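Only one structure is covered here, and it is reproduced in the block below.
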Amino acid sequence: MTNARWLHLMPTMRLMEEHLKVCVIPGDDAAPEAVYASVHVLEQLELPIDFEVAPPGTDLLDLNKDERESLIHTRIDASDTALFGASNGDTPGARYMRWGKATFANVRPIRWQPGFNSPLRNPEGIDYVIVRENLEDMYVGVMGDAKQLLDAGLADHRSRIPHGADSGRFAAKIITRPGTEQVARFACELAMRRNARLTVSAKTNMLPATDRWFCDIVREIAQDYPGLDYEEFIIDDMAHRLVMDPHGLDVLLLPNLYGDILSDLGAGTVGGLGLAPSGCYGTDFAYFESSHGTAPDLVGRGIINPTATLLSGSMMLRYLNLEESANHLERALAEVYRSGAQLTPDQGGSASTESFTEAVIGEL
């Protein structure tokens, strides 16, 4: 695992404190099971970290909405970073860490290693990073009745308005130059540190006002990085390439919605969402979470795979300048997968979350 190029090249905190504080937000449904297992592993590393573990979503329901948010937000503000499970809406914090803390770059590494249950015939060598713009696009939350658009005169004679649109709904895609420039520079700098290629993709042929503009801005920013290898593809073609030629990718920059969707596709090519970590980076704050959701179908079954959360924890350790501890954790995970004796059902094994976790600790 430690040979992956992204591991030691991610942004880190500007200052290293003597003792660090991590806010742990377990989340909802089966997410706490993965988070508790991961924190148990991290604690074996004897880190200079105080883990401040918030209540899981089931306990938070005893509080009203304002009390829940106050509790979680206060703990986030008092911490150097956060390890987040996943929320079904009961646990707050995700919106605050994302938009409140302006974590504009969602980094999702896609890497196969021996033992990962990939559906591809030849997954060896898949090792790339998706950088997803994290604040704009379809996720700005501007939506409503289509009649509002029609009444405002926003649909002219060139628009392809379907019959009955006045009773339909709309959602707005908003791309800004400042938002695109900051994530473009983030992706360019990551690609330069990896000595890699930057690939950019969007629906440029059908959405020139937003998607083509996004790519135009990124291409403009990329010119500030001499020697950077740059390429562009329409998003349809990109989805095809993620399956047919994932080995040819290094750093892939995508607008918010496409990044959300295609990163799950990428995870599927190496073995599933149980293996997919992520980190959300801003100028002054970052938080880390698995790419999978709350997995309500796994609640209480004791079989959720904590690998994605552990790898997110490794990204967190690197952000905190704890490189050696991150290397140690990744080597232990690699040995467990190489052995194959204690893998969870999603990876073709029959191990419980607990026995998988103990196997990782045994390797530590």
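Letters A, B, ... mark the chains of the structure tokens in the order given; residue numbers begin at 1 per chain; ligand numbers begin at 1, in order shown.
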Shell around Ser87 (chain A) at 12 Å using only C-alpha atoms, local window under 5 positions removed, as a list in words: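 Neighbouring residues, sequence-local ones excluded: Ile25, Pro26, Gly27, Asp28, Asp29, Ala30, Ala31, Pro32, Pro56, Gly57, Thr58, Leu60, Pro92, Gly93, Ala94, Arg95, Glu289, Ser290, Ser291, His292, Gly293, Thr294, Ala295 and Pro296 of chain A.
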Store the residues picked out above in a file with N, CA and C atoms, as a PDB file, in the first residue's frame.
ATOM      1  N   ILE A  25     -16.877  11.482  14.580  1.00  0.00           N
ATOM      2  CA  ILE A  25     -18.336  11.541  14.467  1.00  0.00           C
ATOM      3  C   ILE A  25     -18.798  10.199  13.899  1.00  0.00           C
ATOM      4  N   PRO A  26     -19.300   9.307  14.746  1.00  0.00           N
ATOM      5  CA  PRO A  26     -19.614   7.932  14.304  1.00  0.00           C
ATOM      6  C   PRO A  26     -20.675   7.867  13.215  1.00  0.00           C
ATOM      7  N   GLY A  27     -21.715   8.724  13.304  1.00  0.00           N
ATOM      8  CA  GLY A  27     -22.738   8.726  12.274  1.00  0.00           C
ATOM      9  C   GLY A  27     -23.890   7.794  12.572  1.00  0.00           C
ATOM     10  N   ASP A  28     -24.524   7.290  11.509  1.00  0.00           N
ATOM     11  CA  ASP A  28     -25.797   6.588  11.629  1.00  0.00           C
ATOM     12  C   ASP A  28     -25.744   5.185  11.027  1.00  0.00           C
ATOM     13  N   ASP A  29     -26.783   4.405  11.346  1.00  0.00           N
ATOM     14  CA  ASP A  29     -26.943   3.038  10.840  1.00  0.00           C
ATOM     15  C   ASP A  29     -25.693   2.204  11.149  1.00  0.00           C
ATOM     16  N   ALA A  30     -25.064   1.596  10.126  1.00  0.00           N
ATOM     17  CA  ALA A  30     -23.905   0.743  10.388  1.00  0.00           C
ATOM     18  C   ALA A  30     -22.584   1.509  10.407  1.00  0.00           C
ATOM     19  N   ALA A  31     -22.602   2.794  10.057  1.00  0.00           N
ATOM     20  CA  ALA A  31     -21.365   3.576  10.011  1.00  0.00           C
ATOM     21  C   ALA A  31     -20.606   3.565  11.338  1.00  0.00           C
ATOM     22  N   PRO A  32     -21.278   3.705  12.493  1.00  0.00           N
ATOM     23  CA  PRO A  32     -20.512   3.678  13.751  1.00  0.00           C
ATOM     24  C   PRO A  32     -19.705   2.400  13.949  1.00  0.00           C
ATOM     25  N   PRO A  56     -23.224   8.505  18.781  1.00  0.00           N
ATOM     26  CA  PRO A  56     -23.778   8.071  17.484  1.00  0.00           C
ATOM     27  C   PRO A  56     -25.150   8.690  17.280  1.00  0.00           C
ATOM     28  N   GLY A  57     -25.652   8.558  16.064  1.00  0.00           N
ATOM     29  CA  GLY A  57     -26.922   9.178  15.717  1.00  0.00           C
ATOM     30  C   GLY A  57     -28.082   8.725  16.581  1.00  0.00           C
ATOM     31  N   THR A  58     -28.067   7.456  16.990  1.00  0.00           N
ATOM     32  CA  THR A  58     -29.177   6.958  17.813  1.00  0.00           C
ATOM     33  C   THR A  58     -29.260   7.685  19.147  1.00  0.00           C
ATOM     34  N   LEU A  60     -28.070  10.813  19.611  1.00  0.00           N
ATOM     35  CA  LEU A  60     -28.330  12.225  19.327  1.00  0.00           C
ATOM     36  C   LEU A  60     -29.816  12.519  19.189  1.00  0.00           C
ATOM     37  N   PRO A  92     -25.703  15.449  12.472  1.00  0.00           N
ATOM     38  CA  PRO A  92     -25.288  16.643  11.741  1.00  0.00           C
ATOM     39  C   PRO A  92     -23.767  16.686  11.604  1.00  0.00           C
ATOM     40  N   GLY A  93     -23.283  17.710  10.939  1.00  0.00           N
ATOM     41  CA  GLY A  93     -21.844  17.920  10.842  1.00  0.00           C
ATOM     42  C   GLY A  93     -21.317  17.956   9.429  1.00  0.00           C
ATOM     43  N   ALA A  94     -21.873  17.110   8.538  1.00  0.00           N
ATOM     44  CA  ALA A  94     -21.340  17.032   7.178  1.00  0.00           C
ATOM     45  C   ALA A  94     -21.494  18.355   6.445  1.00  0.00           C
ATOM     46  N   ARG A  95     -22.667  18.956   6.521  1.00  0.00           N
ATOM     47  CA  ARG A  95     -22.892  20.229   5.837  1.00  0.00           C
ATOM     48  C   ARG A  95     -21.987  21.317   6.410  1.00  0.00           C
ATOM     49  N   GLU A 289     -13.520  10.783   5.581  1.00  0.00           N
ATOM     50  CA  GLU A 289     -14.659   9.880   5.673  1.00  0.00           C
ATOM     51  C   GLU A 289     -14.573   8.831   4.578  1.00  0.00           C
ATOM     52  N   SER A 290     -15.175   7.690   4.825  1.00  0.00           N
ATOM     53  CA  SER A 290     -15.277   6.690   3.767  1.00  0.00           C
ATOM     54  C   SER A 290     -16.237   7.202   2.703  1.00  0.00           C
ATOM     55  N   SER A 291     -16.111   6.674   1.494  1.00  0.00           N
ATOM     56  CA  SER A 291     -16.995   7.095   0.402  1.00  0.00           C
ATOM     57  C   SER A 291     -18.361   6.420   0.467  1.00  0.00           C
ATOM     58  N   HIS A 292     -18.457   5.319   1.222  1.00  0.00           N
ATOM     59  CA  HIS A 292     -19.752   4.628   1.293  1.00  0.00           C
ATOM     60  C   HIS A 292     -20.702   5.360   2.234  1.00  0.00           C
ATOM     61  N   GLY A 293     -21.954   5.021   2.168  1.00  0.00           N
ATOM     62  CA  GLY A 293     -22.965   5.638   3.017  1.00  0.00           C
ATOM     63  C   GLY A 293     -23.096   4.936   4.349  1.00  0.00           C
ATOM     64  N   THR A 294     -24.306   4.994   4.911  1.00  0.00           N
ATOM     65  CA  THR A 294     -24.519   4.455   6.250  1.00  0.00           C
ATOM     66  C   THR A 294     -24.769   2.950   6.274  1.00  0.00           C
ATOM     67  N   ALA A 295     -24.955   2.333   5.121  1.00  0.00           N
ATOM     68  CA  ALA A 295     -25.160   0.875   5.005  1.00  0.00           C
ATOM     69  C   ALA A 295     -26.234   0.366   5.959  1.00  0.00           C
ATOM     70  N   PRO A 296     -27.477   0.856   5.826  1.00  0.00           N
ATOM     71  CA  PRO A 296     -28.535   0.427   6.756  1.00  0.00           C
ATOM     72  C   PRO A 296     -28.814  -1.069   6.716  1.00  0.00           C
TER      73      PRO A 296
END
Mind checking which residues fall within 12 Å of Gly141 (chain A), counting only C-alpha atoms, ignoring those fewer than 6 positions away in the same chain, and posting them as a PDB file with N, CA and C atoms, in the first residue's frame?
ATOM      1  N   ARG A  95     -22.667  18.956   6.521  1.00  0.00           N
ATOM      2  CA  ARG A  95     -22.892  20.229   5.837  1.00  0.00           C
ATOM      3  C   ARG A  95     -21.987  21.317   6.410  1.00  0.00           C
ATOM      4  N   TRP A  99     -19.582  23.007   3.706  1.00  0.00           N
ATOM      5  CA  TRP A  99     -19.825  24.391   3.292  1.00  0.00           C
ATOM      6  C   TRP A  99     -19.398  25.392   4.353  1.00  0.00           C
ATOM      7  N   LEU A 135     -18.195  22.030  -3.643  1.00  0.00           N
ATOM      8  CA  LEU A 135     -19.115  23.030  -3.105  1.00  0.00           C
ATOM      9  C   LEU A 135     -20.163  23.533  -4.083  1.00  0.00           C
ATOM     10  N   PHE A 170     -37.256  22.053 -11.268  1.00  0.00           N
ATOM     11  CA  PHE A 170     -35.918  22.326 -11.801  1.00  0.00           C
ATOM     12  C   PHE A 170     -34.900  22.265 -10.665  1.00  0.00           C
ATOM     13  N   ALA A 171     -33.650  22.028 -11.021  1.00  0.00           N
ATOM     14  CA  ALA A 171     -32.519  22.151 -10.104  1.00  0.00           C
ATOM     15  C   ALA A 171     -31.416  22.869 -10.867  1.00  0.00           C
ATOM     16  N   ALA A 172     -30.787  23.836 -10.224  1.00  0.00           N
ATOM     17  CA  ALA A 172     -29.803  24.682 -10.906  1.00  0.00           C
ATOM     18  C   ALA A 172     -28.388  24.128 -10.761  1.00  0.00           C
ATOM     19  N   LYS A 173     -27.648  24.177 -11.856  1.00  0.00           N
ATOM     20  CA  LYS A 173     -26.217  23.868 -11.850  1.00  0.00           C
ATOM     21  C   LYS A 173     -25.480  25.211 -11.880  1.00  0.00           C
ATOM     22  N   ILE A 174     -24.704  25.490 -10.863  1.00  0.00           N
ATOM     23  CA  ILE A 174     -23.987  26.763 -10.779  1.00  0.00           C
ATOM     24  C   ILE A 174     -22.490  26.495 -10.672  1.00  0.00           C
TER      25      ILE A 174
END
Residue neighbourhood region 232-242 of chain A, 12 Å, only C-alpha atoms, exclusion window fewer than 4 positions, as JSON, numbers by chain: {"A": [110, 120, 123, 126, 127, 128, 129, 130, 197, 198, 199, 200, 201, 202, 203, 204, 205, 206, 207, 208, 211, 212, 214, 215, 216, 218, 219, 222, 246, 247, 248, 249, 250, 251, 252, 253, 254, 255, 257, 258, 259, 261, 262, 263, 264, 265, 266, 267, 268, 269, 270]}
Let's have the selection written as an mmCIF file, in the first residue's frame, with C-alpha atoms.
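The file below, part.cif, is the result:
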data_model
loop_
_atom_site.group_PDB
_atom_site.id
_atom_site.type_symbol
_atom_site.label_atom_id
_atom_site.label_comp_id
_atom_site.auth_asym_id
_atom_site.auth_seq_id
_atom_site.Cartn_x
_atom_site.Cartn_y
_atom_site.Cartn_z
ATOM 1 C CA ILE A 110 -8.842 4.666 -6.428
ATOM 2 C CA LEU A 120 -11.943 -6.707 -13.515
ATOM 3 C CA PRO A 123 -6.907 -4.704 -11.939
ATOM 4 C CA ILE A 126 -4.920 0.799 -11.027
ATOM 5 C CA ASP A 127 -3.737 3.797 -9.001
ATOM 6 C CA TYR A 128 -5.311 7.198 -9.588
ATOM 7 C CA VAL A 129 -6.970 9.996 -7.666
ATOM 8 C CA ILE A 130 -10.305 11.666 -8.332
ATOM 9 C CA ARG A 197 -1.086 13.714 -15.857
ATOM 10 C CA LEU A 198 -4.159 15.828 -15.158
ATOM 11 C CA THR A 199 -7.354 14.626 -16.827
ATOM 12 C CA VAL A 200 -10.477 16.802 -16.810
ATOM 13 C CA SER A 201 -13.981 15.786 -17.821
ATOM 14 C CA ALA A 202 -17.496 17.232 -18.023
ATOM 15 C CA LYS A 203 -20.479 17.281 -20.388
ATOM 16 C CA THR A 204 -18.885 19.948 -22.553
ATOM 17 C CA ASN A 205 -20.879 19.238 -25.716
ATOM 18 C CA MET A 206 -24.342 19.725 -24.188
ATOM 19 C CA LEU A 207 -23.670 22.194 -21.373
ATOM 20 C CA PRO A 208 -21.358 24.887 -22.737
ATOM 21 C CA ASP A 211 -19.367 22.341 -18.137
ATOM 22 C CA ARG A 212 -17.410 23.683 -21.084
ATOM 23 C CA PHE A 214 -15.406 24.626 -16.185
ATOM 24 C CA CYS A 215 -12.964 22.882 -18.540
ATOM 25 C CA ASP A 216 -11.924 26.161 -20.166
ATOM 26 C CA VAL A 218 -9.093 24.483 -15.725
ATOM 27 C CA ARG A 219 -7.177 24.478 -19.017
ATOM 28 C CA ALA A 222 -3.065 24.395 -16.091
ATOM 29 C CA PRO A 246 -8.361 2.854 -15.600
ATOM 30 C CA HIS A 247 -4.631 2.140 -15.662
ATOM 31 C CA GLY A 248 -4.134 5.169 -17.902
ATOM 32 C CA LEU A 249 -5.355 7.670 -15.286
ATOM 33 C CA ASP A 250 -3.351 9.657 -12.745
ATOM 34 C CA VAL A 251 -5.297 12.671 -11.404
ATOM 35 C CA LEU A 252 -8.878 13.109 -12.607
ATOM 36 C CA LEU A 253 -10.610 16.434 -11.898
ATOM 37 C CA LEU A 254 -14.404 16.492 -12.101
ATOM 38 C CA PRO A 255 -17.235 18.884 -11.249
ATOM 39 C CA LEU A 257 -21.994 15.765 -9.446
ATOM 40 C CA TYR A 258 -19.854 13.771 -11.885
ATOM 41 C CA GLY A 259 -17.158 13.354 -9.236
ATOM 42 C CA ILE A 261 -21.014 9.426 -9.277
ATOM 43 C CA LEU A 262 -17.830 8.370 -11.075
ATOM 44 C CA SER A 263 -15.834 7.927 -7.871
ATOM 45 C CA ASP A 264 -18.299 5.196 -6.882
ATOM 46 C CA LEU A 265 -17.822 3.627 -10.317
ATOM 47 C CA GLY A 266 -14.066 3.774 -9.818
ATOM 48 C CA ALA A 267 -14.371 2.150 -6.397
ATOM 49 C CA GLY A 268 -16.350 -0.654 -8.007
ATOM 50 C CA THR A 269 -13.491 -1.450 -10.371
ATOM 51 C CA VAL A 270 -11.057 -2.142 -7.512
#
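Atom to atom, CA of Ser350 (chain A) and CA of Gly302 (chain A) stand 11.0 Å apart.
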Selected residue of minimal separation from Leu149 (chain A) among A:His163, A:Arg169, A:Arg185, A:Arg132, counting only C-alpha atoms: A:Arg169
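Checking A:Asn134, A:Asn195, A:Thr176, A:Ser325 one by one against Val107 (chain A), counting only C-alpha atoms, you find the shortest gap at A:Asn134.
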Strand (DSSP E) positions in region 34-178 of chain A, given as a PyMOL selection string: chain A and resi 49-53+81-84+105-111+127-133+143-145+169-171
Considering only C-alpha atoms, give me a table of residues in region 64-106 of chain A that are at most 8 Å from region 271-283 of chain A, with the closest atom pair and distance in Å for each, as a Markdown table.
| residue | atom | partner | partner_atom | distance |
| --- | --- | --- | --- | --- |
| A:Arg98 | CA | A:Cys280 | CA | 7.5 |
| A:Lys101 | CA | A:Gly282 | CA | 7.0 |
| A:Ala102 | CA | A:Gly282 | CA | 5.6 |
| A:Thr103 | CA | A:Gly282 | CA | 3.7 |
| A:Phe104 | CA | A:Gly282 | CA | 5.5 |
| A:Ala105 | CA | A:Tyr281 | CA | 5.2 |
| A:Asn106 | CA | A:Cys280 | CA | 4.3 |
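Closest approach to Ala191 (chain A) among A:Asp346, A:Asp229, A:Asp90, A:Glu33 is made by A:Asp229 (distances from only C-alpha atoms).
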One-decimal distance in Å that lies between CA of Ser314 (chain A) and CA of Glu354 (chain A):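 If I compute the distance from CA of Glu354 (chain A) to CA of Ser314 (chain A), I get 19.2 Å.
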Ala82 (chain A) surroundings by only C-alpha atoms, 10 Å radius, close-in-sequence under 2 positions cut, as a count of residues only: 25
